[in-house]
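A.B. asks: I'd like to ask you about the structure that follows.
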2 protein chains.
Amino acid sequence: MTLKPATALAHPNIAFIKYWGNRDNDLRLPSNSSISMNLDGLFTRTTVTFSASFKTDSLRIGKKSIPGSGLGRVNDILDLVRELAGISEPAEVVSENNFPSSAGVASSAAAFAALALAASHAAGVTLTEHELSRLARRGSGSACRSIPGGFVEWHAGIEEADSFATSIAPPEHWDLVDCVAIVSAVRKKTGSTEGHAVAATSPLQAARVADAPRRLDLVRQAVLERDFDTLATVAELDSDMMHAIMMTSNPGLFYWQPASITIMESVRDWRASGIPVFYTVDAGPNIHVICPQQQAQSVERRVRELPGVNDVLVANSGGPAQIVS
Amino acid sequence: MTLKPATALAHPNIAFIKYWGNRDNDLRLPSNSSISMNLDGLFTRTTVTFSASFKTDSLRIGKKSIPGSGLGRVNDILDLVRELAGISEPAEVVSENNFPSSAGVASSAAAFAALALAASHAAGVTLTEHELSRLARRGSGSACRSIPGGFVEWHAGIEEADSFATSIAPPEHWDLVDCVAIVSAVRKKTGSTEGHAVAATSPLQAARVADAPRRLDLVRQAVLERDFDTLATVAELDSDMMHAIMMTSNPGLFYWQPASITIMESVRDWRASGIPVFYTVDAGPNIHVICPQQQAQSVERRVRELPGVNDVLVANSGGPAQIVS
């Protein structure tokens, strides 16, 4: 079998119904299903080359080289792909993001979606979208949502084989825009992998999970019907519920900065005054401010004017992960 | 029966295990028991005079007069007292706080404790501490905790007659100090009465209530053993859990300001560095920073230096409500 390099591109995604906590930490089987939108314009581009001429796996992200022993989760995905392909060649992985890592946008979803696609292609195995989504999930749970395009639901499933994401609607279904308000964090915060592992220590997590099907139904239907008001109300509630779990877990995880509070309060005020806009917040201080395309310019300008906002990244709804060469 | 004016004094209190949500809104029967400390130095002083010479009930708070029809909850307490005493005379209520209302410290607990005590005394009825606590509760739930002295537990009870507060330990049992960091709020927020009424709309409230006995046991024991570390950990968790409920109720109630985040994060950092200190936050933006007397001066100075802190009120643990003339 000929092993040719393959390059894949994938977008990060922003969840309207959040993933927080696992039923199985090793397999990254989530406690609840989740719904997200891919972010066009932002992407990770990853090239994977398998070759017997390499002594060991290697990874380069932008200009930073990471030696074989420090590859961690990337290694795990490469091993899974080699097992599927029945090969044993080491791999060279070269990856770059088109957004600054200092932007604080979670890049692991795009990174592991691009890696899963490029690596399987480079290893000569053809995977279905479901299989690719499961493979990406093993690297970073939310990466499974960056495999299909547009508006996506990750079905929690009951075992490894049925925990993957599918598209609810293509990107062109709804012209939503994510204005990501970049807020500087004073310190490095706990990463998502560690966070998921302590979610169950919150006395409130079981109640959040138990109520998830209700929120999922509301958001799925809101996406299908382009019902902005319902999406806004439920997505903000869901984001606040995830942060409620984070803050009340052991150890408590606090991601909101003073500027985050200012932005969230402003967004609620804007919506109360009639502007279609809502916020959602991942495991970091940045605030994703979502609105229809028609309001995007005005909303971006308003967000830029708020104190503590260093920059605003603007993204429309994006397509699926794809092979680019 | 001779009706003589009576003057009572009561302190506000700060809860380590919070009261949020009612089983019965009219009777103010809470969803869970709570534990608090009275705040010495801060007080409401209230004089009640029943007299047939008054045409109607009247209320003066500081220099502000409120006519009969606007007395609301004060009227309800006066009616309950008249019923107990078998009298029908209108009352004049004159009340003052020794702390500025702009300080944003919840004054209703001290106010209704002082009112219950002064009014019953002025009406010539002698009530037990339990009965006084129940009476104060009818005006403002947490007022029942300002009747007994020192460290106090409000037993949720199962009906009107057994929902009252008792002392766990007298004020001198533990030399804790509350440094109340006053933060300016941009707007008027939802009051506690309205907040309690929507607590059950949070998908997380039932879980908070179900876990309350565990937190109460830990805090009661920590008070009895003067175990600061346990008190700090559980009281911060409990405060964060209450705000989690507030934020995820319908409508969502958001009391934290940007400066609140700065203070809470600083307090966590200080404790991580070995200083015995913790925060707790009521239905407002102010942060109560609690520490032993030995650290109080240093902690007060640190709090004053934080951005967004307008003032700091300092209070030791305080005694019971009492008749002063």
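Following the order of the structure tokens, first chain is A, next is B, and so on, with residues numbered from 1 inside each chain and ligands from 1 in the order they appear.
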May I have all residues of range 71-278 of chain A that DSSP, computed from the backbone, assigns to helix (DSSP H, G or I), given as number ranges by chain?

C.D. replies: A: 73-85, 101-103, 108-122, 129-139, 141-146, 160-162, 171-173, 192-201, 205-210, 212-225, 228-247, 258-272

A.B. asks: Could you write out as a list in words the residues of chain B within 7 Å of chain A, counting only C-alpha atoms?

C.D. replies: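 That gives the following set of residues: Pro203, Leu204, Ala207, Arg208, Asp211, Leu237, Asp240, Met241, Ala244, Met247, Thr248, Gln257, Pro258, Ala259, Ile261 and Thr262 of chain B.
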
A.B. asks: Grab the CA of Pro148 in chain A to CA of Asp162 in chain A distance for me, in Å with one decimal place.

C.D. replies: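 Separating CA of Pro148 in chain A from CA of Asp162 in chain A is a distance of 15.2 Å.
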
A.B. asks: Could you pull out the strand (DSSP E or B) residues of range 76-163 of chain B from DSSP and send them as JSON, numbers by chain?

C.D. replies: {"B": [91, 92, 93, 94, 95, 96, 97, 151, 152, 153, 154, 155]}

A.B. asks: Of the candidates A:Glu172, A:Glu92, A:Asp282, A:Asp227, which one gets nearest to Thr47 in chain A if we count only C-alpha atoms?

C.D. replies: A:Glu92

A.B. asks: Quick one: distance from CA of Ala169 in chain B to CA of Phe151 in chain B in Å, one decimal?

C.D. replies: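 Spanning CA of Ala169 in chain B to CA of Phe151 in chain B is a straight-line distance of 5.2 Å.
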
A.B. asks: Taking only C-alpha atoms into account, which of B:His121, B:Gly157, B:Lys4, B:Ile168 comes nearest Leu224 in chain B?

C.D. replies: B:Ile168

A.B. asks: Interatomic distance between CA of Glu153 in chain A and CA of Phe16 in chain A?

C.D. replies: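 Value for the CA of Glu153 in chain A-CA of Phe16 in chain A distance: 10.0 Å.
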
A.B. asks: For Thr56 in chain B, which residue among B:Ser34, B:Thr44, B:Ser146, B:Ser88 is the nearest when counting only C-alpha atoms?

C.D. replies: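 Selected residue with least distance to Thr56 in chain B: B:Ser88.
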
A.B. asks: Could you check which of A:His11, A:Asp175, A:Met246, A:Glu96 is closest to Ala200 in chain A, using only C-alpha atoms?

C.D. replies: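 Of all the options, A:Met246 lies closest to Ala200 in chain A.
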
A.B. asks: Write out as a PDB file with N, CA and C atoms, in the first residue's frame which residues come within 8 Å of Phe164 in chain B when counting only C-alpha atoms, dropping same-chain ones fewer than 4 positions away.

C.D. replies:
ATOM      1  N   HIS B 130     -38.384  31.500  70.385  1.00  0.00           N
ATOM      2  CA  HIS B 130     -38.909  30.773  69.223  1.00  0.00           C
ATOM      3  C   HIS B 130     -40.050  31.550  68.571  1.00  0.00           C
ATOM      4  N   GLU B 131     -40.964  32.058  69.419  1.00  0.00           N
ATOM      5  CA  GLU B 131     -42.131  32.780  68.883  1.00  0.00           C
ATOM      6  C   GLU B 131     -41.706  34.084  68.202  1.00  0.00           C
ATOM      7  N   SER B 133     -38.825  34.617  66.809  1.00  0.00           N
ATOM      8  CA  SER B 133     -38.130  34.247  65.578  1.00  0.00           C
ATOM      9  C   SER B 133     -39.142  33.941  64.473  1.00  0.00           C
ATOM     10  N   ARG B 134     -40.220  33.226  64.833  1.00  0.00           N
ATOM     11  CA  ARG B 134     -41.264  32.919  63.849  1.00  0.00           C
ATOM     12  C   ARG B 134     -41.940  34.195  63.356  1.00  0.00           C
ATOM     13  N   ARG B 137     -39.747  36.067  61.017  1.00  0.00           N
ATOM     14  CA  ARG B 137     -39.682  35.322  59.754  1.00  0.00           C
ATOM     15  C   ARG B 137     -40.796  35.722  58.802  1.00  0.00           C
ATOM     16  N   CYS B 144     -35.585  35.914  60.952  1.00  0.00           N
ATOM     17  CA  CYS B 144     -35.717  34.975  62.081  1.00  0.00           C
ATOM     18  C   CYS B 144     -34.355  34.637  62.662  1.00  0.00           C
ATOM     19  N   ARG B 145     -33.300  34.745  61.839  1.00  0.00           N
ATOM     20  CA  ARG B 145     -31.946  34.425  62.321  1.00  0.00           C
ATOM     21  C   ARG B 145     -31.323  35.577  63.092  1.00  0.00           C
ATOM     22  N   TRP B 154     -31.336  28.384  61.363  1.00  0.00           N
ATOM     23  CA  TRP B 154     -32.777  28.457  61.096  1.00  0.00           C
ATOM     24  C   TRP B 154     -33.207  27.070  60.654  1.00  0.00           C
ATOM     25  N   HIS B 155     -34.008  26.407  61.497  1.00  0.00           N
ATOM     26  CA  HIS B 155     -34.529  25.089  61.188  1.00  0.00           C
ATOM     27  C   HIS B 155     -35.714  25.258  60.245  1.00  0.00           C
ATOM     28  N   ALA B 156     -35.580  24.707  59.046  1.00  0.00           N
ATOM     29  CA  ALA B 156     -36.625  24.897  58.038  1.00  0.00           C
ATOM     30  C   ALA B 156     -37.988  24.475  58.579  1.00  0.00           C
ATOM     31  N   GLY B 157     -37.996  23.375  59.334  1.00  0.00           N
ATOM     32  CA  GLY B 157     -39.251  22.903  59.905  1.00  0.00           C
ATOM     33  C   GLY B 157     -40.169  22.304  58.861  1.00  0.00           C
TER      34      GLY B 157
END
